[in-house]
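Let me begin by presenting the structure, written as structure tokens, before commenting on it.
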Amino acid sequence: MNVFRTDLRAGLGIFTGTLVILSLFAWERTKTPSPHFHFVDLAHSFLNGRLDTDTPRKTAASVGQEPDAPDGLAEAIDRATTGPNGNRQGWNDWASYRVLTLKDGEVLSGVFPWKDQKDDRRHEFHGLDGQTYHIDCGRDVRSGCYGNKAEHVRYYVSFPPFPAVLLTPLVAVLDYRVNDVWFTLFFGALNAALFFALLQFVVRKGHSERSRGDNVWLTVLFVFGTVYLFSAVRGEVWFTALVVGVTMHICALFFLIEMGKKWWIGGLLVGCALATRTPLVFLCTLPALHFLFPDGKLRRADWGKALGTTTTFALPVAVTLAVIFWYNAARWDNPLEFGHTYLVEGMRDAIRRHGLMSSWFFGGNLSAAFLNPPVLTTEGGTPLRITYHGLGLIWTTPVLLLLAATPKRTPLFKKLMWTAFVVALPGLFYQNTGWQQFGYRFGLDWLPLLVLAFAVGGRPLTGRVKALILLGVAVNVFGAITFGRYAQFYY
């Protein structure tokens with residue numbers, strides 16, 4: 001009991017201290033909600049019984065003329081459509097498709113992915129039904145193809161919905177005045193306390209021999225010595241999803257470190273994780289490895305009992321997947337489509353040429369994830385700059401390279417490493433490196449597993465190891481301060 005109370009006090013101290021530090025890094029961002037308020041808008045849609053949204057077709061001026069406009073919507077639209085220099089800009093990462101009524105009365109939904117081209121491809125209409133049509137807007141369509149009217153276009157938030165579900169009570173009270181920066185900072189600090197608690201939990205389970213001081217160092221490593229730091233201080237839809245995904249990830253690991261009767265809770269948390277960040281569905285790798293290799297060797301007994309335990313884990317995951325598939329089908333007529341195909345109305349060049357997932361993207365993603373260096377240049381700006389594809393892991397968190405020479409390769413260590421590999425793999429084939437970013441932000445889907453594996457691996461935290469941790473902290477502090485503020489360091 002005394003140990004638990006000590007850990008609880010330490011966790012509260014870590015939460016409070018981290019919240020203060022993250023708030024200082026966020027600084028001016030804490031004063032207003034972020035410009036990219038997709039989750040707040042989605043929560044508002046849920047409260048109104050809708051899956052779509054009218055927000056991207058509106059302007060701040062038009063909302064100001066609506067007598068029953070939600071509080072804060074005009075200001076939110078103004079932030080979203082005003083650039084850093086006060087110039088007007090378009091909407092960022094809203095998904096949409098066209099609804100066309102042909103002259104024969106047939107109604108088709110889909111996009112013209114090549115409408116910006118001058119050749120015959122501009123007439124290609126890719127329907128939600130999976131068919132490709134050849135449509136001449138002037139000749140074949142009753143009221144034209146374009147415009148921003150409700151009968152012509154449907155807008156949706158394409159990001160998985162769980163963060164919006166968490167925001168719904170706040171939006172019910174505050175409408176669009178909800179400050180998603182503080183929402184993200186709260187979970188950012190909570191994750192620090194949760195990760196420390198997880199490290200202590202692994203010690204109590206006998207998988208780690210780390211001292212409490214060591215676990216504080218490893219918590220500092222995760223929170224301040226990885227891309228977590230620059231992500232947690234941003235607010236904004238992309239970073240909110242990553243940070244909340246880390247919360248669900250860490251919470252799930254409490255129940256997935258070992259097989260047990262409470263695996264169903266782990267399954268429920270994995271379900272929440274995949275409803276936040278789709279790659280986190282592959283956390284299922286860890287219980288699958290427990291099932292097949294309970295002691296690091298292929299199971300030879302108790303198959304029935306183990307199968308029953310594994311089923312209790314799988315059922316909540318399956319239910320969550322069913323809900324997500326329904327949600328996708330209701331919006332896009334395809335249970336496997338989350339909506340990213342329809343960003344920029346299907347015109348994002350990489351997607352229309354290669355799809356959402358392709359080996360075409362592997363090389364660039366691999367470099368962004370692990371290798372991308374800072375660039376020394378004499379071409380204007382500062383002599384040291386960072387591409388917006390971000391720095392690779394060897395630069396942001398060099399201490400994790402020591403995983404290659406881990407002294408204690410226990411069964412749990414191996415399972416954590418394999419799980420991290422499987423979680424990371426889909427992102428390496430994804431159409432986006434994470435642009436724009438300081439470091440590979442998608443790494444937050446698997447970094448908790450790597451740092452936990454580092455803890456389990458037992459490498460002593462010598463002066464040199466701590467120096468590497470502090471080097472990573474220094475690099476990521478630079479990123480948290482400069483990214484989104486000092487463009488001269490980026491290109």
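Just so we're on the same page: first chain in the structure tokens is A, next is B, and so on; residues restart at 1 for each chain, and ligands are numbered from 1 in the order they show up.
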Check range 49-240 of chain A with DSSP on the backbone and list each residue it calls strand (DSSP E), as a PyMOL selection string. chain A and resi 95-101+107-111+124-127+132-134+153-156
Need to verify the contact set: range 452-467 of chain A, 7 Å, only C-alpha atoms, exclusion of same-chain residues closer than 4 positions in sequence. Can you return it as a PDB file with C-alpha atoms, in the first residue's frame?
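And here's selection.pdb as it stands now:
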```pdb
ATOM      1  CA  HIS A 207       9.177  -7.969 -16.164  1.00  0.00           C
ATOM      2  CA  SER A 208      11.504  -5.102 -15.258  1.00  0.00           C
ATOM      3  CA  VAL A 399      19.027   6.497 -27.392  1.00  0.00           C
ATOM      4  CA  LEU A 403      17.622  -1.402 -28.577  1.00  0.00           C
ATOM      5  CA  THR A 406      19.608  -5.004 -25.614  1.00  0.00           C
ATOM      6  CA  PRO A 407      21.149  -7.182 -22.874  1.00  0.00           C
ATOM      7  CA  LYS A 408      17.921  -8.925 -21.728  1.00  0.00           C
ATOM      8  CA  ARG A 409      15.914 -10.180 -24.695  1.00  0.00           C
ATOM      9  CA  PHE A 413      10.844  -7.707 -24.907  1.00  0.00           C
ATOM     10  CA  LEU A 416       6.874  -5.698 -27.677  1.00  0.00           C
ATOM     11  CA  MET A 417       9.383  -5.256 -30.499  1.00  0.00           C
ATOM     12  CA  PRO A 448       5.301   3.666 -26.367  1.00  0.00           C
ATOM     13  CA  LEU A 471      20.477  14.923 -26.307  1.00  0.00           C
TER      14      LEU A 471
END
```
With distances taken over only C-alpha atoms, which residue among A:Phe483, A:Phe37, A:Phe196, A:Phe112 lies nearest Ala10 in chain A? A:Phe196
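In this structure, CA of Val243 in chain A sits 21.3 Å away from CA of Phe201 in chain A.
Closest approach to Val223 in chain A among A:Leu289, A:Arg210, A:Tyr146, A:Val246 is made by A:Val246 (distances from only C-alpha atoms).
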Per DSSP on the backbone, what are the helix (DSSP H, G or I) residues of range 295-340 of chain A, as a ChimeraX atom specification? /A:303-332,340
Residues near Pro169 in chain A, cut-off 12 Å, only C-alpha atoms, skip fewer than 5 positions along chain, as a PyMOL selection string: chain A and resi 40+43-44+46-47+163-164+174-175+178
Hey, can you spit out that residue selection with all heavy atoms as a short mmCIF file (atom, residue, chain, number, x, y, z; two decimals), in the first residue's frame?
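Output below, filename part-v2.cif:
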```cif
data_model
loop_
_atom_site.label_atom_id
_atom_site.label_comp_id
_atom_site.auth_asym_id
_atom_site.auth_seq_id
_atom_site.Cartn_x
_atom_site.Cartn_y
_atom_site.Cartn_z
N VAL A 40 -14.02 19.14 -32.94
CA VAL A 40 -15.09 19.94 -32.33
C VAL A 40 -16.29 19.99 -33.28
O VAL A 40 -17.45 19.85 -32.86
CB VAL A 40 -14.59 21.35 -31.99
CG1 VAL A 40 -15.73 22.26 -31.55
CG2 VAL A 40 -13.52 21.29 -30.91
N ALA A 43 -18.03 16.60 -33.25
CA ALA A 43 -18.82 16.45 -32.04
C ALA A 43 -20.13 17.23 -32.15
O ALA A 43 -21.20 16.75 -31.72
CB ALA A 43 -18.02 16.93 -30.82
N HIS A 44 -20.07 18.42 -32.75
CA HIS A 44 -21.28 19.22 -32.95
C HIS A 44 -22.25 18.50 -33.89
O HIS A 44 -23.47 18.50 -33.67
CB HIS A 44 -20.90 20.59 -33.51
CG HIS A 44 -21.99 21.61 -33.38
ND1 HIS A 44 -22.97 21.77 -34.33
CD2 HIS A 44 -22.26 22.53 -32.40
CE1 HIS A 44 -23.79 22.73 -33.95
NE2 HIS A 44 -23.39 23.20 -32.79
N PHE A 46 -22.48 15.22 -34.26
CA PHE A 46 -23.05 14.11 -33.49
C PHE A 46 -24.21 14.60 -32.61
O PHE A 46 -25.26 13.95 -32.52
CB PHE A 46 -21.99 13.46 -32.61
CG PHE A 46 -20.96 12.65 -33.37
CD1 PHE A 46 -19.74 12.34 -32.78
CD2 PHE A 46 -21.20 12.20 -34.65
CE1 PHE A 46 -18.80 11.57 -33.46
CE2 PHE A 46 -20.26 11.45 -35.35
CZ PHE A 46 -19.05 11.13 -34.75
N LEU A 47 -24.00 15.75 -31.97
CA LEU A 47 -25.04 16.29 -31.08
C LEU A 47 -26.30 16.67 -31.84
O LEU A 47 -27.39 16.72 -31.26
CB LEU A 47 -24.50 17.49 -30.32
CG LEU A 47 -23.47 17.18 -29.22
CD1 LEU A 47 -22.78 18.45 -28.75
CD2 LEU A 47 -24.14 16.46 -28.05
N PRO A 163 -11.88 10.81 -30.60
CA PRO A 163 -11.64 12.09 -29.92
C PRO A 163 -12.86 13.01 -29.94
O PRO A 163 -13.11 13.74 -28.98
CB PRO A 163 -10.47 12.68 -30.70
CG PRO A 163 -9.74 11.49 -31.24
CD PRO A 163 -10.83 10.52 -31.60
N ALA A 164 -13.65 12.96 -31.03
CA ALA A 164 -14.86 13.77 -31.09
C ALA A 164 -15.88 13.28 -30.06
O ALA A 164 -16.61 14.09 -29.46
CB ALA A 164 -15.46 13.72 -32.49
N LEU A 174 -20.13 24.29 -24.52
CA LEU A 174 -19.38 25.45 -25.00
C LEU A 174 -19.48 25.68 -26.51
O LEU A 174 -18.95 26.67 -27.00
CB LEU A 174 -17.91 25.29 -24.62
CG LEU A 174 -17.60 25.20 -23.12
CD1 LEU A 174 -16.13 24.87 -22.90
CD2 LEU A 174 -17.97 26.50 -22.42
N ASP A 175 -20.14 24.79 -27.24
CA ASP A 175 -20.20 24.88 -28.70
C ASP A 175 -18.78 24.96 -29.27
O ASP A 175 -17.89 24.24 -28.83
CB ASP A 175 -21.05 26.08 -29.15
CG ASP A 175 -22.53 25.71 -29.23
OD1 ASP A 175 -22.83 24.54 -29.50
OD2 ASP A 175 -23.38 26.60 -29.01
N VAL A 178 -14.91 25.56 -27.43
CA VAL A 178 -14.05 24.56 -26.78
C VAL A 178 -12.61 24.76 -27.25
O VAL A 178 -12.33 24.85 -28.45
CB VAL A 178 -14.50 23.13 -27.13
CG1 VAL A 178 -13.48 22.11 -26.63
CG2 VAL A 178 -15.87 22.84 -26.53
#
```
Of the candidates A:Val423, A:Ile265, A:Ala368, A:Leu336, which one gets nearest to Val317 in chain A if we count only C-alpha atoms? A:Ile265
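If you measure from each of A:Thr309, A:Cys145, A:Ala197, A:Thr30 to Gly13 in chain A using only C-alpha atoms, the closest one turns out to be A:Ala197.
A straight line drawn from CA of Val323 in chain A to CA of His354 in chain A is 28.1 Å long.
Considering only C-alpha atoms, the residue among A:Leu108, A:Leu393, A:Leu428, A:Leu371 positioned nearest to Leu356 in chain A is A:Leu428.
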Neighbouring residues of Arg234 in chain A were defined as those with any atom within 9 Å, considering only C-alpha atoms; residues of the same chain fewer than 2 positions away were excluded. Please report them as a PyMOL selection string. chain A and resi 26+29+34+181+184-185+230-232+236+239-240+480+484
Can you pull out the residues contacting Gly296 in chain A? Cut-off 6 Å, using only C-alpha atoms, and skip same-chain residues under 2 positions away; I want them as a compact mmCIF listing (two decimals) with N, CA and C atoms, in the first residue's frame.
```txt
# COMPACT_ATOMS: atom_id res chain seq x y z
N PHE A 293 2.77 -17.87 -28.17
CA PHE A 293 4.09 -18.09 -27.56
C PHE A 293 4.08 -17.60 -26.11
N PRO A 294 3.36 -18.27 -25.22
CA PRO A 294 3.19 -17.75 -23.86
C PRO A 294 4.49 -17.55 -23.10
N PRO A 411 11.10 -12.85 -23.33
CA PRO A 411 9.94 -13.05 -24.20
C PRO A 411 9.10 -11.79 -24.36
```
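Checking A:Gln431, A:Ala189, A:Leu307, A:Cys137 one by one against Leu12 in chain A, counting only C-alpha atoms, you find the shortest gap at A:Ala189.
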Between range 397-490 of chain A and range 266-288 of chain A, at 12 Å or less, what are the per-residue closest atom pairs and their distances in Å? Count only C-alpha atoms, order by chain and rising residue number, and return it as CSV.
```
residue,atom,partner,partner_atom,distance
A:Pro411,CA,A:Leu286,CA,11.2
A:Leu412,CA,A:Leu286,CA,9.2
A:Phe413,CA,A:Leu286,CA,10.9
A:Lys414,CA,A:Leu286,CA,10.0
A:Lys415,CA,A:Leu286,CA,6.3
A:Leu416,CA,A:Leu286,CA,6.9
A:Met417,CA,A:Leu286,CA,9.5
A:Trp418,CA,A:Thr285,CA,7.9
A:Thr419,CA,A:Thr285,CA,5.5
A:Ala420,CA,A:Leu283,CA,8.1
A:Phe421,CA,A:Phe282,CA,9.6
A:Val422,CA,A:Phe282,CA,6.4
A:Val423,CA,A:Phe282,CA,5.2
A:Ala424,CA,A:Pro279,CA,7.6
A:Leu425,CA,A:Pro279,CA,8.7
A:Pro426,CA,A:Pro279,CA,6.8
A:Gly427,CA,A:Pro279,CA,7.5
A:Leu428,CA,A:Pro279,CA,11.0
A:Phe429,CA,A:Pro279,CA,11.6
A:Tyr430,CA,A:Pro279,CA,10.6
A:Phe442,CA,A:Pro279,CA,9.5
A:Gly443,CA,A:Pro279,CA,10.7
A:Leu444,CA,A:Arg277,CA,10.0
A:Asp445,CA,A:Leu280,CA,6.5
A:Trp446,CA,A:Leu280,CA,8.4
A:Leu447,CA,A:Leu280,CA,11.7
A:Pro448,CA,A:Leu283,CA,11.3
A:Leu449,CA,A:Leu283,CA,9.6
```
Writer output for current selection, N, CA, C and O atoms, as a CSV table (one decimal), in the first residue's frame:
```csv
chain,number,residue,atom,x,y,z
A,411,PRO,N,11.1,-12.8,-23.3
A,411,PRO,CA,9.9,-13.0,-24.2
A,411,PRO,C,9.1,-11.8,-24.4
A,411,PRO,O,8.6,-11.5,-25.5
A,412,LEU,N,8.9,-11.0,-23.3
A,412,LEU,CA,8.1,-9.8,-23.4
A,412,LEU,C,8.8,-8.8,-24.2
A,412,LEU,O,8.1,-8.1,-25.0
A,413,PHE,N,10.1,-8.6,-24.1
A,413,PHE,CA,10.8,-7.7,-24.9
A,413,PHE,C,10.6,-8.0,-26.4
A,413,PHE,O,10.3,-7.1,-27.2
A,414,LYS,N,10.7,-9.3,-26.7
A,414,LYS,CA,10.6,-9.7,-28.2
A,414,LYS,C,9.2,-9.4,-28.6
A,414,LYS,O,9.0,-8.9,-29.8
A,415,LYS,N,8.2,-9.7,-27.8
A,415,LYS,CA,6.8,-9.5,-28.2
A,415,LYS,C,6.5,-8.0,-28.4
A,415,LYS,O,5.8,-7.6,-29.3
A,416,LEU,N,7.1,-7.1,-27.5
A,416,LEU,CA,6.9,-5.7,-27.7
A,416,LEU,C,7.5,-5.2,-29.0
A,416,LEU,O,6.9,-4.4,-29.7
A,417,MET,N,8.7,-5.7,-29.3
A,417,MET,CA,9.4,-5.3,-30.5
A,417,MET,C,8.6,-5.7,-31.8
A,417,MET,O,8.5,-4.9,-32.7
A,418,TRP,N,8.1,-6.9,-31.8
A,418,TRP,CA,7.4,-7.4,-32.9
A,418,TRP,C,6.1,-6.6,-33.0
A,418,TRP,O,5.6,-6.3,-34.2
A,419,THR,N,5.4,-6.3,-31.9
A,419,THR,CA,4.2,-5.6,-32.0
A,419,THR,C,4.5,-4.2,-32.5
A,419,THR,O,3.7,-3.7,-33.4
A,420,ALA,N,5.5,-3.5,-32.1
A,420,ALA,CA,5.9,-2.2,-32.6
A,420,ALA,C,6.1,-2.3,-34.1
A,420,ALA,O,5.7,-1.4,-34.9
A,421,PHE,N,6.8,-3.3,-34.6
A,421,PHE,CA,7.1,-3.5,-36.0
A,421,PHE,C,5.8,-3.6,-36.8
A,421,PHE,O,5.6,-2.9,-37.8
A,422,VAL,N,4.8,-4.4,-36.3
A,422,VAL,CA,3.6,-4.6,-37.0
A,422,VAL,C,2.7,-3.3,-37.0
A,422,VAL,O,2.1,-2.9,-38.0
A,423,VAL,N,2.7,-2.6,-35.9
A,423,VAL,CA,2.0,-1.3,-35.8
A,423,VAL,C,2.6,-0.3,-36.7
A,423,VAL,O,1.8,0.5,-37.4
A,424,ALA,N,3.9,-0.3,-36.8
A,424,ALA,CA,4.6,0.7,-37.7
A,424,ALA,C,4.4,0.4,-39.2
A,424,ALA,O,4.4,1.3,-40.0
A,425,LEU,N,4.3,-0.9,-39.5
A,425,LEU,CA,4.4,-1.3,-40.9
A,425,LEU,C,3.3,-0.6,-41.8
A,425,LEU,O,3.7,-0.1,-42.9
A,426,PRO,N,2.1,-0.5,-41.5
A,426,PRO,CA,1.1,0.1,-42.4
A,426,PRO,C,1.5,1.6,-42.7
A,426,PRO,O,1.3,2.0,-43.9
A,427,GLY,N,2.0,2.3,-41.7
A,427,GLY,CA,2.4,3.7,-42.0
A,427,GLY,C,3.5,3.9,-43.0
A,427,GLY,O,3.6,4.9,-43.7
A,428,LEU,N,4.3,2.9,-43.1
A,428,LEU,CA,5.4,2.9,-44.1
A,428,LEU,C,4.9,2.8,-45.5
A,428,LEU,O,5.7,3.1,-46.5
A,429,PHE,N,3.7,2.4,-45.7
A,429,PHE,CA,3.1,2.3,-47.1
A,429,PHE,C,2.0,3.3,-47.3
A,429,PHE,O,1.4,3.3,-48.3
A,430,TYR,N,1.8,4.2,-46.3
A,430,TYR,CA,0.8,5.2,-46.4
A,430,TYR,C,1.2,6.4,-47.3
A,430,TYR,O,2.4,6.7,-47.4
A,442,PHE,N,3.9,10.1,-36.9
A,442,PHE,CA,3.2,8.8,-36.9
A,442,PHE,C,3.9,7.8,-36.0
A,442,PHE,O,3.3,6.8,-35.7
A,443,GLY,N,5.1,8.1,-35.7
A,443,GLY,CA,5.9,7.2,-34.8
A,443,GLY,C,5.2,7.1,-33.4
A,443,GLY,O,5.5,6.2,-32.6
A,444,LEU,N,4.3,8.1,-33.1
A,444,LEU,CA,3.7,8.0,-31.8
A,444,LEU,C,2.7,6.8,-31.7
A,444,LEU,O,2.3,6.4,-30.6
A,445,ASP,N,2.4,6.2,-32.8
A,445,ASP,CA,1.6,4.9,-32.7
A,445,ASP,C,2.4,3.8,-32.2
A,445,ASP,O,1.8,2.8,-31.7
A,446,TRP,N,3.8,3.8,-32.3
A,446,TRP,CA,4.6,2.7,-31.8
A,446,TRP,C,5.7,3.0,-30.8
A,446,TRP,O,6.3,2.2,-30.2
A,447,LEU,N,5.9,4.3,-30.6
A,447,LEU,CA,7.0,4.7,-29.7
A,447,LEU,C,6.7,4.2,-28.2
A,447,LEU,O,7.7,3.9,-27.5
A,448,PRO,N,5.5,4.2,-27.7
A,448,PRO,CA,5.3,3.7,-26.4
A,448,PRO,C,5.8,2.2,-26.2
A,448,PRO,O,6.4,1.9,-25.2
A,449,LEU,N,5.6,1.4,-27.3
A,449,LEU,CA,6.1,0.1,-27.3
A,449,LEU,C,7.6,0.0,-27.2
A,449,LEU,O,8.2,-0.8,-26.5
```
Contact residues around Gly64 in chain A with only C-alpha atoms at 12 Å, ignoring same-chain residues under 2 positions, as a list in words: Lys58, Thr59, Ala60, Ala61, Ser62, Glu66, Pro67, Asp68, Ala69, Pro70, Asp71, Gly72, Leu73, Ala74, Glu75, Ala76, Ile77 and Asp78 of chain A
Emit the selected residues as an mmCIF file, in the first residue's frame, including C-alpha atoms.
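Contents of result.cif, freshly written:
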```cif
data_model
loop_
_atom_site.group_PDB
_atom_site.id
_atom_site.type_symbol
_atom_site.label_atom_id
_atom_site.label_comp_id
_atom_site.auth_asym_id
_atom_site.auth_seq_id
_atom_site.Cartn_x
_atom_site.Cartn_y
_atom_site.Cartn_z
ATOM 1 C CA LYS A 58 -19.678 28.641 -44.781
ATOM 2 C CA THR A 59 -17.767 31.875 -44.193
ATOM 3 C CA ALA A 60 -17.339 33.842 -40.997
ATOM 4 C CA ALA A 61 -19.484 36.605 -42.516
ATOM 5 C CA SER A 62 -22.317 34.253 -43.476
ATOM 6 C CA GLU A 66 -27.375 33.512 -38.893
ATOM 7 C CA PRO A 67 -29.520 34.340 -35.835
ATOM 8 C CA ASP A 68 -29.138 30.844 -34.352
ATOM 9 C CA ALA A 69 -25.465 30.261 -35.229
ATOM 10 C CA PRO A 70 -23.565 28.195 -32.624
ATOM 11 C CA ASP A 71 -21.357 30.165 -30.264
ATOM 12 C CA GLY A 72 -17.834 30.565 -31.562
ATOM 13 C CA LEU A 73 -18.440 29.152 -35.059
ATOM 14 C CA ALA A 74 -17.730 32.406 -36.901
ATOM 15 C CA GLU A 75 -14.471 32.850 -35.003
ATOM 16 C CA ALA A 76 -13.504 29.216 -35.651
ATOM 17 C CA ILE A 77 -14.080 29.615 -39.395
ATOM 18 C CA ASP A 78 -12.090 32.837 -39.398
#
```
